[in-house]
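Below: protein24.cif (mmCIF, C-alpha atoms and all ligand atoms)
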```cif
data_my_file
#
loop_
_atom_site.group_PDB
_atom_site.id
_atom_site.type_symbol
_atom_site.label_atom_id
_atom_site.label_comp_id
_atom_site.auth_asym_id
_atom_site.auth_seq_id
_atom_site.Cartn_x
_atom_site.Cartn_y
_atom_site.Cartn_z
ATOM 1 C CA MET P 1 -30.096 -4.075 -12.548
ATOM 2 C CA ALA P 2 -26.610 -5.502 -12.129
ATOM 3 C CA LEU P 3 -24.854 -5.999 -8.828
ATOM 4 C CA ARG P 4 -21.536 -4.306 -8.213
ATOM 5 C CA LEU P 5 -18.591 -6.332 -6.987
ATOM 6 C CA GLY P 6 -15.659 -4.512 -5.401
ATOM 7 C CA VAL P 7 -12.245 -6.068 -4.881
ATOM 8 C CA ASP P 8 -9.597 -4.763 -2.488
ATOM 9 C CA LEU P 9 -6.407 -6.386 -3.704
ATOM 10 C CA GLY P 10 -3.760 -5.991 -1.023
ATOM 11 C CA GLY P 11 -0.257 -7.266 -0.469
ATOM 12 C CA THR P 12 -1.363 -9.924 2.020
ATOM 13 C CA LYS P 13 -5.109 -10.387 1.503
ATOM 14 C CA ILE P 14 -7.830 -9.958 -1.066
ATOM 15 C CA GLU P 15 -11.237 -8.804 0.077
ATOM 16 C CA ILE P 16 -14.339 -8.946 -2.114
ATOM 17 C CA ALA P 17 -17.735 -7.439 -1.365
ATOM 18 C CA VAL P 18 -20.903 -7.458 -3.457
ATOM 19 C CA PHE P 19 -23.369 -4.572 -3.282
ATOM 20 C CA ASP P 20 -27.005 -4.449 -4.374
ATOM 21 C CA GLU P 21 -28.576 -1.601 -6.375
ATOM 22 C CA SER P 22 -29.170 0.447 -3.231
ATOM 23 C CA GLY P 23 -25.490 0.150 -2.264
ATOM 24 C CA ARG P 24 -26.152 -2.310 0.554
ATOM 25 C CA GLU P 25 -23.429 -4.897 1.076
ATOM 26 C CA ILE P 26 -24.852 -8.384 0.561
ATOM 27 C CA LEU P 27 -21.750 -10.546 0.634
ATOM 28 C CA ARG P 28 -18.143 -10.321 1.763
ATOM 29 C CA ARG P 29 -15.315 -12.798 1.288
ATOM 30 C CA ARG P 30 -11.626 -12.743 2.103
ATOM 31 C CA ALA P 31 -8.632 -14.781 0.932
ATOM 32 C CA PRO P 32 -4.844 -14.509 1.122
ATOM 33 C CA THR P 33 -3.169 -12.825 -1.846
ATOM 34 C CA PRO P 34 -1.676 -15.543 -4.057
ATOM 35 C CA ARG P 35 2.094 -15.689 -3.753
ATOM 36 C CA ALA P 36 2.815 -18.027 -6.635
ATOM 37 C CA GLY P 37 4.087 -16.947 -10.044
ATOM 38 C CA TYR P 38 1.956 -14.710 -12.213
ATOM 39 C CA ASP P 39 0.052 -17.355 -14.192
ATOM 40 C CA VAL P 40 -1.009 -19.347 -11.138
ATOM 41 C CA ALA P 41 -1.804 -16.178 -9.180
ATOM 42 C CA LEU P 42 -3.949 -14.881 -12.037
ATOM 43 C CA GLU P 43 -5.898 -18.158 -12.154
ATOM 44 C CA GLU P 44 -6.436 -18.174 -8.382
ATOM 45 C CA PHE P 45 -7.509 -14.538 -8.394
ATOM 46 C CA SER P 46 -9.952 -15.095 -11.284
ATOM 47 C CA ARG P 47 -11.439 -18.145 -9.577
ATOM 48 C CA PHE P 48 -11.912 -16.286 -6.283
ATOM 49 C CA ILE P 49 -13.846 -13.519 -8.050
ATOM 50 C CA LEU P 50 -15.987 -15.986 -10.025
ATOM 51 C CA ASP P 51 -16.742 -18.104 -6.942
ATOM 52 C CA THR P 52 -17.873 -15.001 -5.050
ATOM 53 C CA GLU P 53 -20.002 -13.872 -7.996
ATOM 54 C CA LYS P 54 -21.582 -17.323 -8.107
ATOM 55 C CA GLU P 55 -22.497 -17.015 -4.428
ATOM 56 C CA ALA P 56 -24.091 -13.651 -5.166
ATOM 57 C CA GLY P 57 -26.171 -15.444 -7.771
ATOM 58 C CA GLN P 58 -25.936 -12.795 -10.469
ATOM 59 C CA ARG P 59 -23.476 -11.405 -12.993
ATOM 60 C CA CYS P 60 -21.653 -8.421 -11.493
ATOM 61 C CA MET P 61 -19.899 -5.271 -12.620
ATOM 62 C CA ILE P 62 -16.384 -5.576 -11.242
ATOM 63 C CA GLY P 63 -14.108 -2.874 -9.856
ATOM 64 C CA ILE P 64 -10.663 -3.494 -8.394
ATOM 65 C CA GLY P 65 -8.629 -1.320 -6.079
ATOM 66 C CA MET P 66 -4.950 -2.159 -5.648
ATOM 67 C CA PRO P 67 -1.623 -0.710 -4.588
ATOM 68 C CA GLY P 68 0.084 1.057 -7.471
ATOM 69 C CA THR P 69 -1.837 1.556 -10.671
ATOM 70 C CA ILE P 70 -2.416 0.342 -14.210
ATOM 71 C CA HIS P 71 -0.251 2.508 -16.420
ATOM 72 C CA PRO P 72 -2.712 4.303 -18.723
ATOM 73 C CA ARG P 73 -0.790 3.543 -21.947
ATOM 74 C CA SER P 74 1.239 0.363 -21.415
ATOM 75 C CA GLY P 75 -1.583 -1.309 -19.476
ATOM 76 C CA ARG P 76 0.968 -2.771 -17.079
ATOM 77 C CA VAL P 77 0.739 -2.743 -13.291
ATOM 78 C CA VAL P 78 3.247 -0.301 -11.787
ATOM 79 C CA ASN P 79 4.266 0.398 -8.182
ATOM 80 C CA ALA P 80 2.540 -2.727 -6.767
ATOM 81 C CA TYR P 81 5.762 -4.306 -5.550
ATOM 82 C CA ASN P 82 4.212 -6.583 -2.960
ATOM 83 C CA THR P 83 1.845 -8.408 -5.319
ATOM 84 C CA PRO P 84 2.602 -11.086 -7.929
ATOM 85 C CA PHE P 85 0.918 -8.839 -10.532
ATOM 86 C CA ASN P 86 3.500 -6.039 -10.689
ATOM 87 C CA GLY P 87 4.725 -5.321 -14.209
ATOM 88 C CA ARG P 88 2.001 -7.502 -15.758
ATOM 89 C CA ARG P 89 -0.983 -6.687 -17.928
ATOM 90 C CA LEU P 90 -3.389 -7.654 -15.181
ATOM 91 C CA LYS P 91 -6.390 -5.681 -16.467
ATOM 92 C CA HIS P 92 -6.119 -7.172 -19.958
ATOM 93 C CA ASP P 93 -5.604 -10.725 -18.702
ATOM 94 C CA LEU P 94 -8.341 -10.588 -16.094
ATOM 95 C CA GLU P 95 -10.788 -9.144 -18.618
ATOM 96 C CA GLN P 96 -9.990 -12.101 -20.897
ATOM 97 C CA ASN P 97 -10.518 -14.581 -18.067
ATOM 98 C CA LEU P 98 -13.749 -13.032 -16.815
ATOM 99 C CA ASN P 99 -15.040 -11.990 -20.219
ATOM 100 C CA ARG P 100 -16.023 -8.402 -19.385
ATOM 101 C CA GLU P 101 -14.643 -4.913 -18.822
ATOM 102 C CA ILE P 102 -13.091 -4.501 -15.385
ATOM 103 C CA ARG P 103 -12.342 -1.128 -13.826
ATOM 104 C CA PHE P 104 -9.168 -0.578 -11.827
ATOM 105 C CA ALA P 105 -8.009 2.174 -9.523
ATOM 106 C CA ASN P 106 -5.293 2.752 -6.976
ATOM 107 C CA ASP P 107 -6.441 1.745 -3.474
ATOM 108 C CA ALA P 108 -6.055 5.274 -2.091
ATOM 109 C CA ASN P 109 -8.215 6.530 -4.954
ATOM 110 C CA CYS P 110 -10.870 3.946 -4.037
ATOM 111 C CA PHE P 111 -10.688 5.103 -0.430
ATOM 112 C CA ALA P 112 -11.150 8.736 -1.485
ATOM 113 C CA LEU P 113 -14.028 7.820 -3.803
ATOM 114 C CA SER P 114 -15.894 5.868 -1.137
ATOM 115 C CA GLU P 115 -15.542 8.743 1.330
ATOM 116 C CA ALA P 116 -16.474 11.353 -1.286
ATOM 117 C CA ILE P 117 -19.636 9.570 -2.450
ATOM 118 C CA ASP P 118 -21.282 8.801 0.872
ATOM 119 C CA GLY P 119 -18.672 9.117 3.589
ATOM 120 C CA ALA P 120 -17.007 11.972 5.427
ATOM 121 C CA GLY P 121 -16.556 13.948 2.193
ATOM 122 C CA ALA P 122 -20.107 13.578 0.861
ATOM 123 C CA GLY P 123 -21.269 16.751 -0.854
ATOM 124 C CA CYS P 124 -17.762 18.185 -1.286
ATOM 125 C CA GLY P 125 -16.564 19.034 -4.792
ATOM 126 C CA VAL P 126 -12.872 18.288 -4.232
ATOM 127 C CA VAL P 127 -11.906 15.625 -1.698
ATOM 128 C CA PHE P 128 -8.386 14.558 -0.773
ATOM 129 C CA GLY P 129 -8.177 11.126 0.851
ATOM 130 C CA ALA P 130 -4.980 10.587 2.840
ATOM 131 C CA ILE P 131 -4.109 7.054 3.886
ATOM 132 C CA LEU P 132 -1.698 6.941 6.810
ATOM 133 C CA GLY P 133 -1.093 3.240 7.248
ATOM 134 C CA THR P 134 1.781 0.888 6.484
ATOM 135 C CA GLY P 135 2.511 3.352 3.705
ATOM 136 C CA VAL P 136 1.256 6.828 2.930
ATOM 137 C CA GLY P 137 -1.103 7.145 -0.025
ATOM 138 C CA GLY P 138 -3.377 9.790 -1.382
ATOM 139 C CA GLY P 139 -6.350 10.023 -3.716
ATOM 140 C CA ILE P 140 -8.153 12.938 -5.307
ATOM 141 C CA VAL P 141 -11.848 12.940 -6.148
ATOM 142 C CA VAL P 142 -13.364 15.801 -8.121
ATOM 143 C CA ASN P 143 -17.141 16.003 -8.466
ATOM 144 C CA ALA P 144 -17.572 12.373 -7.405
ATOM 145 C CA ALA P 145 -15.028 11.033 -9.924
ATOM 146 C CA VAL P 146 -11.486 9.812 -9.305
ATOM 147 C CA LEU P 147 -8.760 12.009 -10.756
ATOM 148 C CA ASN P 148 -6.453 9.348 -12.133
ATOM 149 C CA GLY P 149 -3.788 11.472 -13.808
ATOM 150 C CA HIS P 150 -1.631 11.158 -16.915
ATOM 151 C CA HIS P 151 0.501 8.401 -15.348
ATOM 152 C CA GLY P 152 -2.170 7.121 -12.985
ATOM 153 C CA ILE P 153 -0.321 8.573 -9.997
ATOM 154 C CA ALA P 154 -2.381 11.671 -9.145
ATOM 155 C CA GLY P 155 -2.472 12.180 -5.388
ATOM 156 C CA GLU P 156 0.690 10.134 -4.651
ATOM 157 C CA TRP P 157 1.890 12.733 -2.226
ATOM 158 C CA GLY P 158 3.593 10.184 0.029
ATOM 159 C CA HIS P 159 6.579 10.053 -2.296
ATOM 160 C CA THR P 160 7.528 13.694 -2.179
ATOM 161 C CA PRO P 161 9.963 14.947 0.461
ATOM 162 C CA LEU P 162 8.686 16.221 3.778
ATOM 163 C CA PRO P 163 8.610 20.031 3.443
ATOM 164 C CA TRP P 164 10.759 22.266 5.655
ATOM 165 C CA MET P 165 12.910 19.464 7.032
ATOM 166 C CA THR P 166 14.893 20.553 10.065
ATOM 167 C CA ARG P 167 18.644 20.164 10.294
ATOM 168 C CA GLU P 168 18.067 17.033 12.407
ATOM 169 C CA GLU P 169 15.591 15.579 9.933
ATOM 170 C CA HIS P 170 17.546 16.248 6.756
ATOM 171 C CA PRO P 171 18.007 14.299 4.470
ATOM 172 C CA GLY P 172 15.584 11.774 5.959
ATOM 173 C CA PRO P 173 15.365 7.986 5.876
ATOM 174 C CA MET P 174 15.749 5.976 2.689
ATOM 175 C CA CYS P 175 12.361 5.165 1.135
ATOM 176 C CA ASN P 176 11.239 2.019 -0.714
ATOM 177 C CA CYS P 177 10.984 4.144 -3.849
ATOM 178 C CA GLY P 178 14.758 4.654 -3.796
ATOM 179 C CA ARG P 179 14.706 8.294 -2.696
ATOM 180 C CA ARG P 180 15.294 9.892 0.670
ATOM 181 C CA GLY P 181 13.043 11.840 3.000
ATOM 182 C CA CYS P 182 9.675 10.900 1.469
ATOM 183 C CA ILE P 183 6.579 11.846 3.473
ATOM 184 C CA GLU P 184 5.834 8.114 3.699
ATOM 185 C CA GLN P 185 8.953 7.665 5.812
ATOM 186 C CA TRP P 186 7.783 10.349 8.281
ATOM 187 C CA CYS P 187 4.017 9.986 8.394
ATOM 188 C CA SER P 188 3.264 6.243 8.081
ATOM 189 C CA GLY P 189 1.960 4.156 10.973
ATOM 190 C CA PRO P 190 5.367 2.505 11.504
ATOM 191 C CA ALA P 191 7.011 5.957 11.542
ATOM 192 C CA LEU P 192 4.673 7.069 14.339
ATOM 193 C CA GLY P 193 5.382 3.797 16.143
ATOM 194 C CA ARG P 194 9.130 4.451 15.993
ATOM 195 C CA GLU P 195 8.697 7.977 17.367
ATOM 196 C CA LYS P 196 6.564 6.649 20.234
ATOM 197 C CA ALA P 197 9.223 4.095 21.111
ATOM 198 C CA ALA P 198 11.890 6.808 21.134
ATOM 199 C CA HIS P 199 10.052 9.757 22.714
ATOM 200 C CA GLY P 200 6.971 8.443 24.501
ATOM 201 C CA ASP P 201 3.355 8.842 23.452
ATOM 202 C CA GLU P 202 2.730 12.578 24.033
ATOM 203 C CA ASN P 203 6.016 13.871 22.625
ATOM 204 C CA ALA P 204 5.877 11.523 19.672
ATOM 205 C CA LEU P 205 2.386 12.679 18.785
ATOM 206 C CA ALA P 206 3.452 16.331 18.924
ATOM 207 C CA ILE P 207 6.432 15.681 16.636
ATOM 208 C CA TYR P 208 4.269 13.618 14.313
ATOM 209 C CA ALA P 209 1.476 16.243 14.199
ATOM 210 C CA ASP P 210 3.935 18.903 13.082
ATOM 211 C CA ARG P 211 5.262 16.675 10.308
ATOM 212 C CA LEU P 212 1.760 15.771 9.204
ATOM 213 C CA ALA P 213 0.795 19.457 9.169
ATOM 214 C CA ARG P 214 3.789 20.192 6.934
ATOM 215 C CA ALA P 215 2.880 17.282 4.661
ATOM 216 C CA LEU P 216 -0.775 18.313 4.421
ATOM 217 C CA SER P 217 0.110 21.965 3.824
ATOM 218 C CA LEU P 218 1.628 20.762 0.564
ATOM 219 C CA VAL P 219 -1.735 19.268 -0.414
ATOM 220 C CA ILE P 220 -3.640 22.398 0.597
ATOM 221 C CA ASN P 221 -1.294 24.783 -1.236
ATOM 222 C CA PHE P 222 -1.376 22.704 -4.377
ATOM 223 C CA LEU P 223 -4.925 21.322 -4.533
ATOM 224 C CA ASP P 224 -6.852 23.282 -1.872
ATOM 225 C CA PRO P 225 -9.470 20.549 -1.347
ATOM 226 C CA GLU P 226 -12.748 21.241 0.450
ATOM 227 C CA ILE P 227 -11.969 18.464 2.915
ATOM 228 C CA ILE P 228 -9.165 16.047 3.787
ATOM 229 C CA VAL P 229 -10.366 12.618 4.896
ATOM 230 C CA VAL P 230 -7.860 10.488 6.773
ATOM 231 C CA GLY P 231 -7.755 6.686 6.713
ATOM 232 C CA GLY P 232 -5.334 3.945 7.733
ATOM 233 C CA GLY P 233 -4.190 2.968 11.207
ATOM 234 C CA VAL P 234 -3.020 6.461 12.208
ATOM 235 C CA SER P 235 -6.536 7.836 11.560
ATOM 236 C CA ARG P 236 -7.546 6.347 14.923
ATOM 237 C CA GLU P 237 -5.304 8.859 16.777
ATOM 238 C CA GLN P 238 -8.100 11.237 17.756
ATOM 239 C CA ARG P 239 -5.759 13.903 19.169
ATOM 240 C CA LEU P 240 -4.399 14.649 15.693
ATOM 241 C CA TYR P 241 -7.732 16.133 14.576
ATOM 242 C CA ALA P 242 -7.244 18.917 17.125
ATOM 243 C CA SER P 243 -3.466 19.426 16.891
ATOM 244 C CA VAL P 244 -2.915 19.311 13.113
ATOM 245 C CA PRO P 245 -5.465 22.059 12.221
ATOM 246 C CA GLU P 246 -3.859 24.303 14.853
ATOM 247 C CA LEU P 247 -0.457 23.855 13.190
ATOM 248 C CA LEU P 248 -1.578 24.284 9.574
ATOM 249 C CA PRO P 249 -1.552 28.128 9.515
ATOM 250 C CA ARG P 250 2.219 28.008 10.135
ATOM 251 C CA TYR P 251 2.694 26.303 6.813
ATOM 252 C CA VAL P 252 -0.234 26.970 4.471
ATOM 253 C CA TYR P 253 -0.035 29.973 2.169
ATOM 254 C CA SER P 254 -3.112 31.574 3.707
ATOM 255 C CA SER P 255 -3.557 33.337 7.033
ATOM 256 C CA VAL P 256 -6.824 31.486 7.618
ATOM 257 C CA VAL P 257 -6.974 27.721 7.093
ATOM 258 C CA GLU P 258 -10.466 26.264 7.116
ATOM 259 C CA THR P 259 -9.866 22.843 5.574
ATOM 260 C CA PRO P 260 -11.567 20.222 7.748
ATOM 261 C CA ILE P 261 -9.268 17.276 8.564
ATOM 262 C CA VAL P 262 -11.555 14.388 9.496
ATOM 263 C CA PRO P 263 -11.391 10.626 9.999
ATOM 264 C CA ALA P 264 -12.925 8.322 7.402
ATOM 265 C CA THR P 265 -16.498 7.168 7.909
ATOM 266 C CA HIS P 266 -16.171 3.745 6.342
ATOM 267 C CA GLY P 267 -12.789 2.728 7.727
ATOM 268 C CA ASP P 268 -11.427 -0.539 6.395
ATOM 269 C CA ALA P 269 -14.488 -1.082 4.171
ATOM 270 C CA SER P 270 -13.514 1.859 1.956
ATOM 271 C CA GLY P 271 -11.354 -0.311 -0.297
ATOM 272 C CA VAL P 272 -14.081 -2.662 -1.472
ATOM 273 C CA ARG P 273 -16.729 0.065 -1.439
ATOM 274 C CA GLY P 274 -14.665 2.465 -3.565
ATOM 275 C CA ALA P 275 -13.726 -0.302 -5.994
ATOM 276 C CA ALA P 276 -17.402 -1.162 -6.535
ATOM 277 C CA MET P 277 -18.168 2.553 -6.942
ATOM 278 C CA LEU P 278 -15.894 2.709 -9.974
ATOM 279 C CA TRP P 279 -19.153 1.669 -11.628
ATOM 280 C CA PRO P 280 -21.988 4.185 -11.304
ATOM 281 C CA LYS P 281 -25.088 3.124 -9.429
HETATM 282 ZN ZN ZN N 301 9.339 7.313 -1.495
#
```
Could you write out this file's structure as structure tokens?
Ligand SMILES: [Zn+2]
Amino acid sequence: MALRLGVDLGGTKIEIAVFDESGREILRRRAPTPRAGYDVALEEFSRFILDTEKEAGQRCMIGIGMPGTIHPRSGRVVNAYNTPFNGRRLKHDLEQNLNREIRFANDANCFALSEAIDGAGAGCGVVFGAILGTGVGGGIVVNAAVLNGHHGIAGEWGHTPLPWMTREEHPGPMCNCGRRGCIEQWCSGPALGREKAAHGDENALAIYADRLARALSLVINFLDPEIIVVGGGVSREQRLYASVPELLPRYVYSSVVETPIVPATHGDASGVRGAAMLWPK
């Protein structure tokens, strides 16, 4: 039985965890994301994985979750602007270095997978994982498998405009993706922080809840998941789990809205867990 090694490759740090056959975490290591040019960064990254595997004492199946995705046809990393790997054939090169197949997925997809397999969404057929952190990401899991999509961007709901923008909101702030009014610019952790600074805690949360309800109504109308699991820093705002469901019927195309909106079970560990789960037990 092989061990599973999950990697959460972030913009500032890399976290690796190794899991035994029962899914128990046996080892966890953390290092800063290399900032050097691609070749050096690739070597450092490879060495970090191999050193961790050596500590585990056994050859591992490796899964990697990262911002952006590996484009299904070109094999190049796309949308991972804050890593030295963007635009490169990271999967191909890492597989050469480590001499094995390596599975990749977007970090929000890993989050959704971890929560769907044995977290808040366990037992649900269709799970939407919404990450409300520095950015806004989303992942879709159907019958315990990640829905990757034709371009590897399925679930990237953060880069669509906030629905039903008011006159005051329109056209919305400029987004990193080059467009205006993206959900990410309204529903991220920093966006909530800005509202709190401007309007105070209670008012800011009410404004934010309405925007999040509009954003999630898009997901419900389009995908109609059995559950929406929320992760990222904003997921710790307990009041949202009462206010957002109350607002949803205003926006969802159904008079009754029964989609549970719940916080993630595994929190920050979802990245490494979901990455390891890209390999079946
Ligand atoms: Zn955007």
Residues in the PyMOL selection byres (((chain P and resi 189) around 6) and not hetatm), expressed as a PDB file with C-alpha atoms, in the frame of the given file:
```pdb
ATOM      1  CA  GLY P 133      -1.093   3.240   7.248  1.00  0.00           C
ATOM      2  CA  THR P 134       1.781   0.888   6.484  1.00  0.00           C
ATOM      3  CA  SER P 188       3.264   6.243   8.081  1.00  0.00           C
ATOM      4  CA  PRO P 190       5.367   2.505  11.504  1.00  0.00           C
ATOM      5  CA  ALA P 191       7.011   5.957  11.542  1.00  0.00           C
ATOM      6  CA  LEU P 192       4.673   7.069  14.339  1.00  0.00           C
ATOM      7  CA  VAL P 234      -3.020   6.461  12.208  1.00  0.00           C
TER       8      VAL P 234
END
```
Residues at most 9 Å from P:Asn143, counting all atoms listed in the file, excluding those fewer than 2 positions away in the same chain, as a short mmCIF file (atom, residue, chain, number, x, y, z; two decimals) with C-alpha atoms, in the coordinates of the input?
```cif
data_model
loop_
_atom_site.label_atom_id
_atom_site.label_comp_id
_atom_site.auth_asym_id
_atom_site.auth_seq_id
_atom_site.Cartn_x
_atom_site.Cartn_y
_atom_site.Cartn_z
CA ALA P 116 -16.47 11.35 -1.29
CA GLY P 123 -21.27 16.75 -0.85
CA CYS P 124 -17.76 18.18 -1.29
CA GLY P 125 -16.56 19.03 -4.79
CA VAL P 126 -12.87 18.29 -4.23
CA VAL P 127 -11.91 15.62 -1.70
CA VAL P 141 -11.85 12.94 -6.15
CA ALA P 145 -15.03 11.03 -9.92
CA VAL P 146 -11.49 9.81 -9.30
#
```
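Proximal residues of ligand ZN 301 (chain N) are P:Asn79, P:Gly135, P:Val136, P:Gly137, P:Glu156, P:Trp157, P:Gly158, P:His159, P:Thr160, P:Pro161, P:Leu162, P:Gly172, P:Pro173, P:Met174, P:Cys175, P:Asn176, P:Cys177, P:Gly178, P:Arg179, P:Arg180, P:Gly181, P:Cys182, P:Ile183, P:Glu184, P:Gln185, P:Trp186, P:Cys187, P:Ser188, by a cut-off of 12 Å on only C-alpha atoms and all ligand atoms.
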(request) Give me the residues within 7 Å of P:Leu5 as an MDAnalysis selection string, counting all atoms listed in the file and dropping any in the same chain fewer than 4 places off. (result) chainID P and resid 16:19 60:63 276
Please produce a file of those selected residues containing C-alpha atoms, as a CSV table (one decimal), keeping the file's coordinate frame.
```
chain,number,residue,atom,x,y,z
P,16,ILE,CA,-14.3,-8.9,-2.1
P,17,ALA,CA,-17.7,-7.4,-1.4
P,18,VAL,CA,-20.9,-7.5,-3.5
P,19,PHE,CA,-23.4,-4.6,-3.3
P,60,CYS,CA,-21.7,-8.4,-11.5
P,61,MET,CA,-19.9,-5.3,-12.6
P,62,ILE,CA,-16.4,-5.6,-11.2
P,63,GLY,CA,-14.1,-2.9,-9.9
P,276,ALA,CA,-17.4,-1.2,-6.5
```
(request) Apply the PyMOL selection byres (((chain P and resi 118) around 12) and not hetatm) to the displayed file and report the matching residues as a ChimeraX atom specification. (result) /P:23,111-117,119-124,127,144,264-266,270,273-274,277
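Separating atom CA of P:Phe128 from atom CA of P:Pro260 is a distance of 10.7 Å.
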(message) Could you tell me, as a ChimeraX atom specification, exactly which residues end up selected when the PyMOL selection byres (((chain P and resi 80-86) around 10) and not hetatm) is applied to this structure?
(response) /P:9-13,33-42,66-70,76-79,87-91,106,176
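Taking atom CA of P:Asn99 and atom CA of P:Asn148 as the two end points, the separation is 24.4 Å.
Of the residues under consideration (P:Ala275, P:Gly129, P:Thr166, P:Ala197), P:Gly129 shows the shortest atom-to-atom contact distance to P:Ile261 when counting only C-alpha atoms.
Residue nearest P:Gly75 within the list P:Phe104, P:Glu25, P:Leu147, P:Glu53: P:Phe104 [criterion: smallest interatomic distance, all atoms listed in the file].
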(message) Taking (7.4, 20.1, 10.6) as a centre in this file's frame and 10 Å as the limit, can you find every polymer residue with an atom that close, using all atoms listed in the file, and give them as JSON, numbers by chain?
(response) {"P": [162, 163, 164, 165, 166, 169, 206, 207, 208, 209, 210, 211, 212, 213, 214, 215, 247, 248, 250, 251]}
Once 3 Å is added on each side, what are the centre and the three edge lengths, in Å to one decimal, of the axis-aligned box enclosing the listed atoms of stretch 32-42 of chain P? Present them as JSON.
```
{"center_x": -0.4, "center_y": -16.1, "center_z": -6.5, "size_x": 14.9, "size_y": 12.5, "size_z": 21.3}
```
